[in-house]
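Structure file protein21.pdb with PDB, C-alpha atoms:
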ATOM      1  CA  MET J   1     -33.174 -22.437 -24.627
ATOM      2  CA  LYS J   2     -33.873 -19.117 -22.905
ATOM      3  CA  HIS J   3     -34.156 -20.853 -19.493
ATOM      4  CA  LEU J   4     -30.841 -22.620 -20.014
ATOM      5  CA  LEU J   5     -29.122 -19.310 -20.760
ATOM      6  CA  ILE J   6     -30.566 -17.724 -17.582
ATOM      7  CA  ILE J   7     -29.452 -20.692 -15.464
ATOM      8  CA  LEU J   8     -25.969 -20.532 -16.995
ATOM      9  CA  CYS J   9     -25.740 -16.777 -16.246
ATOM     10  CA  LEU J  10     -26.850 -17.314 -12.645
ATOM     11  CA  PHE J  11     -24.310 -20.090 -12.226
ATOM     12  CA  LEU J  12     -21.480 -17.937 -13.587
ATOM     13  CA  PHE J  13     -22.577 -15.012 -11.393
ATOM     14  CA  SER J  14     -22.528 -17.215  -8.287
ATOM     15  CA  LEU J  15     -19.003 -18.383  -9.131
ATOM     16  CA  THR J  16     -17.885 -14.763  -9.466
ATOM     17  CA  ASN J  17     -19.264 -13.903  -6.021
ATOM     18  CA  ILE J  18     -17.590 -16.899  -4.451
ATOM     19  CA  SER J  19     -14.208 -16.105  -5.973
ATOM     20  CA  CYS J  20     -14.452 -12.427  -5.027
ATOM     21  CA  SER J  21     -15.296 -13.186  -1.415
ATOM     22  CA  SER J  22     -12.529 -15.674  -0.784
ATOM     23  CA  SER J  23      -9.406 -14.421   0.942
ATOM     24  CA  ASP J  24      -5.864 -15.511   1.612
ATOM     25  CA  SER J  25      -5.644 -16.015   5.377
ATOM     26  CA  GLY J  26      -1.881 -15.626   5.359
ATOM     27  CA  SER J  27      -1.829 -12.096   4.001
ATOM     28  CA  SER J  28      -1.711  -8.901   6.030
ATOM     29  CA  THR J  29      -4.286  -6.397   4.852
ATOM     30  CA  THR J  30      -5.213  -2.852   5.652
ATOM     31  CA  SER J  31      -8.862  -1.881   5.567
ATOM     32  CA  THR J  32     -10.677   1.326   6.305
ATOM     33  CA  THR J  33     -14.139   1.563   7.768
ATOM     34  CA  SER J  34     -16.100   4.752   7.385
ATOM     35  CA  ASP J  35     -18.492   4.240  10.294
ATOM     36  CA  ASN J  36     -15.881   4.672  13.012
ATOM     37  CA  ASP J  37     -13.013   6.408  11.229
ATOM     38  CA  SER J  38     -10.462   3.735  12.041
ATOM     39  CA  THR J  39      -8.021   1.548  10.164
ATOM     40  CA  THR J  40      -7.038  -2.018  10.941
ATOM     41  CA  ASP J  41      -3.454  -3.033  10.276
ATOM     42  CA  ASP J  42      -1.909  -6.252  11.600
ATOM     43  CA  ASN J  43      -4.706  -6.739  14.181
ATOM     44  CA  SER J  44      -4.377  -3.222  15.662
ATOM     45  CA  THR J  45      -6.942  -0.451  15.232
ATOM     46  CA  TYR J  46      -6.058   3.237  15.034
ATOM     47  CA  SER J  47      -7.863   6.341  13.838
ATOM     48  CA  ASP J  48      -7.416   7.387  10.222
ATOM     49  CA  ASN J  49      -5.008  10.131   9.242
ATOM     50  CA  GLY J  50      -6.859  13.454   9.288
ATOM     51  CA  THR J  51      -9.599  12.326  11.681
ATOM     52  CA  THR J  52     -11.437  15.139  13.458
ATOM     53  CA  PHE J  53     -12.680  14.319  16.950
ATOM     54  CA  THR J  54     -15.591  16.411  18.217
ATOM     55  CA  VAL J  55     -14.940  17.462  21.835
ATOM     56  CA  THR J  56     -17.760  18.384  24.206
ATOM     57  CA  VAL J  57     -18.168  18.529  27.986
ATOM     58  CA  SER J  58     -20.997  17.259  30.157
ATOM     59  CA  SER J  59     -21.092  16.540  33.905
ATOM     60  CA  SER J  60     -17.430  17.642  34.207
ATOM     61  CA  LYS J  61     -16.187  15.011  31.734
ATOM     62  CA  TYR J  62     -14.914  15.216  28.182
ATOM     63  CA  TYR J  63     -16.910  13.465  25.497
ATOM     64  CA  ILE J  64     -15.171  12.586  22.252
ATOM     65  CA  ASP J  65     -17.599  12.075  19.365
ATOM     66  CA  GLY J  66     -20.367  11.714  21.931
ATOM     67  CA  ILE J  67     -18.602   8.990  23.946
ATOM     68  CA  LEU J  68     -17.677   9.626  27.593
ATOM     69  CA  THR J  69     -13.863   9.823  28.014
ATOM     70  CA  LYS J  70     -13.402   7.786  24.839
ATOM     71  CA  SER J  71     -10.047   5.983  24.579
ATOM     72  CA  LEU J  72      -8.236   6.855  21.365
ATOM     73  CA  THR J  73      -5.574   5.018  19.397
ATOM     74  CA  LEU J  74      -3.446   7.236  17.168
ATOM     75  CA  LYS J  75      -0.618   6.427  14.773
ATOM     76  CA  LYS J  76       2.815   8.051  14.675
ATOM     77  CA  GLY J  77       3.176  10.427  11.740
ATOM     78  CA  TYR J  78      -0.583  10.957  11.386
ATOM     79  CA  THR J  79      -2.410  14.241  11.979
ATOM     80  CA  TYR J  80      -5.483  14.479  14.215
ATOM     81  CA  PHE J  81      -7.840  17.346  14.982
ATOM     82  CA  PHE J  82      -9.676  17.881  18.279
ATOM     83  CA  ASP J  83     -12.568  20.234  17.535
ATOM     84  CA  SER J  84     -13.241  22.140  20.773
ATOM     85  CA  THR J  85     -15.491  24.804  19.290
ATOM     86  CA  ASP J  86     -18.609  23.615  21.136
ATOM     87  CA  SER J  87     -19.732  26.096  23.806
ATOM     88  CA  THR J  88     -19.573  23.372  26.482
ATOM     89  CA  THR J  89     -15.751  23.478  26.321
ATOM     90  CA  ASN J  90     -15.505  27.217  27.115
ATOM     91  CA  ASN J  91     -14.191  26.729  30.684
ATOM     92  CA  HIS J  92     -12.267  23.540  29.926
ATOM     93  CA  PRO J  93      -8.922  24.176  28.180
ATOM     94  CA  LEU J  94      -7.983  21.011  26.300
ATOM     95  CA  PHE J  95      -4.389  19.835  26.305
ATOM     96  CA  ILE J  96      -2.432  16.604  25.809
ATOM     97  CA  GLY J  97      -0.416  15.376  28.771
ATOM     98  CA  THR J  98       1.851  12.576  29.888
ATOM     99  CA  ILE J  99      -0.254  11.793  32.969
ATOM    100  CA  SER J 100      -4.003  11.384  33.288
ATOM    101  CA  THR J 101      -4.867  13.749  36.122
ATOM    102  CA  GLY J 102      -5.197  17.177  34.482
ATOM    103  CA  GLY J 103      -6.012  20.266  36.565
ATOM    104  CA  SER J 104      -2.654  21.869  35.709
ATOM    105  CA  TYR J 105      -0.193  21.937  32.838
ATOM    106  CA  THR J 106       2.750  20.431  34.746
ATOM    107  CA  TYR J 107       2.872  17.333  32.515
ATOM    108  CA  GLU J 108       1.746  18.937  29.259
ATOM    109  CA  TYR J 109       2.996  17.253  26.082
ATOM    110  CA  THR J 110       3.642  19.835  23.364
ATOM    111  CA  SER J 111       5.569  18.005  20.616
ATOM    112  CA  GLY J 112       3.494  18.102  17.447
ATOM    113  CA  VAL J 113       0.671  19.993  19.196
ATOM    114  CA  THR J 114      -0.738  23.327  18.043
ATOM    115  CA  LYS J 115      -3.452  25.338  19.802
ATOM    116  CA  SER J 116      -2.966  23.465  23.058
ATOM    117  CA  ARG J 117      -5.085  24.723  25.961
ATOM    118  CA  THR J 118      -7.828  25.739  23.565
ATOM    119  CA  THR J 119     -11.359  26.329  24.748
ATOM    120  CA  THR J 120     -12.905  27.547  21.485
ATOM    121  CA  GLU J 121     -10.675  26.332  18.646
ATOM    122  CA  THR J 122      -9.303  23.110  17.188
ATOM    123  CA  LEU J 123      -6.249  21.489  18.740
ATOM    124  CA  THR J 124      -4.075  19.833  16.084
ATOM    125  CA  PHE J 125      -1.816  16.898  16.949
ATOM    126  CA  ILE J 126       0.772  15.572  14.474
ATOM    127  CA  VAL J 127       1.970  12.470  16.316
ATOM    128  CA  PRO J 128       5.799  12.568  16.463
ATOM    129  CA  SER J 129       7.841   9.462  15.695
ATOM    130  CA  ASP J 130       9.356   9.638  19.198
ATOM    131  CA  SER J 131       6.025  10.049  20.963
ATOM    132  CA  PRO J 132       5.451   8.082  24.196
ATOM    133  CA  SER J 133       3.231   5.013  23.810
ATOM    134  CA  THR J 134       0.563   6.485  26.109
ATOM    135  CA  LEU J 135      -0.668  10.054  26.384
ATOM    136  CA  TYR J 136      -3.850  11.616  27.771
ATOM    137  CA  TYR J 137      -6.242  14.364  26.785
ATOM    138  CA  ASN J 138      -6.957  16.528  29.822
ATOM    139  CA  CYS J 139      -8.527  19.732  31.072
ATOM    140  CA  GLY J 140      -6.115  22.353  32.392
ATOM    141  CA  ASN J 141      -8.613  23.624  34.975
ATOM    142  CA  HIS J 142     -10.078  20.399  36.350
ATOM    143  CA  VAL J 143      -8.849  16.921  37.286
ATOM    144  CA  ALA J 144     -10.204  13.575  36.012
ATOM    145  CA  MET J 145     -12.038  14.890  32.950
ATOM    146  CA  GLY J 146     -10.114  13.236  30.131
ATOM    147  CA  GLY J 147      -9.163   9.935  28.606
ATOM    148  CA  THR J 148      -6.327   7.789  27.297
ATOM    149  CA  ILE J 149      -4.506   8.136  23.984
ATOM    150  CA  THR J 150      -2.576   5.034  22.912
ATOM    151  CA  ILE J 151       0.132   5.700  20.316
ATOM    152  CA  MET J 152       1.095   3.103  17.718
TER     153      MET J 152
END
Render the structure in this file as structure tokens.
Amino acid sequence: MKHLLIILCLFLFSLTNISCSSSDSGSSTTSTTSDNDSTTDDNSTYSDNGTTFTVTVSSSKYYIDGILTKSLTLKKGYTYFFDSTDSTTNNHPLFIGTISTGGSYTYEYTSGVTKSRTTTETLTFIVPSDSPSTLYYNCGNHVAMGGTITIM
């Protein structure tokens, strides 16, 4: 009798796992993953609201979270932080621009940006609803150091 009860419990447990893992393929879901701080929504991936990106410099290139000129995808209305407190950024003022070259502030984008041109602080970017679809993070002193920011 005891073996029958154990088998019945295992059977019911396996049914529970099967029903919990099934999904409706026609529904649109939003999921968050903690390993890369991004959210998937309708087949597009963007960084979570409140994400802090760690900015460093090596070999005259920006690294975001340890990745060379990492491309970012940000969402309108969300707030993002670019932590430039690492000593490697001291001679590399970070700003957001509308072109990818850097080396000057001619095409600086300032809407929603605080502490632009920082070398030792955290740049904050609240993505405006009228933001262009593509922006760039750049160095004000040097060309070709940054990467692409796609806005959703």
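Between Thr89 of chain J and the residues J:Thr119, J:Asn138, J:Thr101, J:Ser59, the shortest atom-to-atom distance, using only C-alpha atoms, involves J:Thr119.
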TODO: Determine, counting all atoms listed in the file, which protein, DNA and RNA residues have an atom within 10 Å of an atom of segment 106-115 of chain J; residues of the same chain fewer than 4 positions away are not included. Present the result as a PyMOL selection string.
DONE: chain J and resi 77+79-82+94-102+119-132+135-138+140
Residues of the last selection are to be written out with C-alpha atoms, as a tab-separated table (two decimals), in the frame of the given file.
chain	number	residue	atom	x	y	z
J	77	GLY	CA	3.18	10.43	11.74
J	79	THR	CA	-2.41	14.24	11.98
J	80	TYR	CA	-5.48	14.48	14.22
J	81	PHE	CA	-7.84	17.35	14.98
J	82	PHE	CA	-9.68	17.88	18.28
J	94	LEU	CA	-7.98	21.01	26.30
J	95	PHE	CA	-4.39	19.84	26.30
J	96	ILE	CA	-2.43	16.60	25.81
J	97	GLY	CA	-0.42	15.38	28.77
J	98	THR	CA	1.85	12.58	29.89
J	99	ILE	CA	-0.25	11.79	32.97
J	100	SER	CA	-4.00	11.38	33.29
J	101	THR	CA	-4.87	13.75	36.12
J	102	GLY	CA	-5.20	17.18	34.48
J	119	THR	CA	-11.36	26.33	24.75
J	120	THR	CA	-12.90	27.55	21.48
J	121	GLU	CA	-10.68	26.33	18.65
J	122	THR	CA	-9.30	23.11	17.19
J	123	LEU	CA	-6.25	21.49	18.74
J	124	THR	CA	-4.08	19.83	16.08
J	125	PHE	CA	-1.82	16.90	16.95
J	126	ILE	CA	0.77	15.57	14.47
J	127	VAL	CA	1.97	12.47	16.32
J	128	PRO	CA	5.80	12.57	16.46
J	129	SER	CA	7.84	9.46	15.70
J	130	ASP	CA	9.36	9.64	19.20
J	131	SER	CA	6.02	10.05	20.96
J	132	PRO	CA	5.45	8.08	24.20
J	135	LEU	CA	-0.67	10.05	26.38
J	136	TYR	CA	-3.85	11.62	27.77
J	137	TYR	CA	-6.24	14.36	26.78
J	138	ASN	CA	-6.96	16.53	29.82
J	140	GLY	CA	-6.12	22.35	32.39
TODO: In the coordinates of the file, take the point (-10.9, 9.0, 17.4) and a cut-off of 6 Å; then, counting only C-alpha atoms, name each qualifying protein, DNA or RNA residue as a ChimeraX atom specification.
DONE: /J:47,53,72
Restricted to C-alpha atoms, what would the selected residues look like written as a compact mmCIF listing (two decimals), in the coordinates of the input?
# COMPACT_ATOMS: atom_id res chain seq x y z
CA SER J 47 -7.86 6.34 13.84
CA PHE J 53 -12.68 14.32 16.95
CA LEU J 72 -8.24 6.86 21.36
Open item on the list: Ranking J:Ala144, J:Tyr62, J:Ser84, J:Asn49 by minimum distance to Ser104 of chain J and counting all atoms listed in the file, which one comes first?
Closed with: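 Using all atoms listed in the file, Ser104 of chain J sits closest to J:Ala144.
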Task: Non-local contacts of segment 67-69 of chain J (6 Å; all atoms listed in the file; under 3 positions in same chain excluded) as number ranges by chain - done: J: 62-64, 146-147
Please determine an axis-aligned box that encloses all atoms of segment 113-120 of chain J listed in the file, with 3 Å added on each side, and express its centre and edge lengths in Å to one decimal as JSON.
{"center_x": -6.1, "center_y": 23.8, "center_z": 22.0, "size_x": 19.6, "size_y": 13.6, "size_z": 13.9}
Task: atom CA of Thr85 of chain J to atom CA of Thr134 of chain J, distance in Å rounded to a single decimal - done: 25.3 Å
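Proximity to Thr88 of chain J was assessed for J:Lys76, J:Ser71, J:Val57, J:Asp65 counting all atoms listed in the file; the smallest distance is recorded for J:Val57.
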TODO: Calculate how many Å separate atom CA of His92 of chain J from atom CA of Tyr105 of chain J, rounding to one decimal.
DONE: 12.5 Å
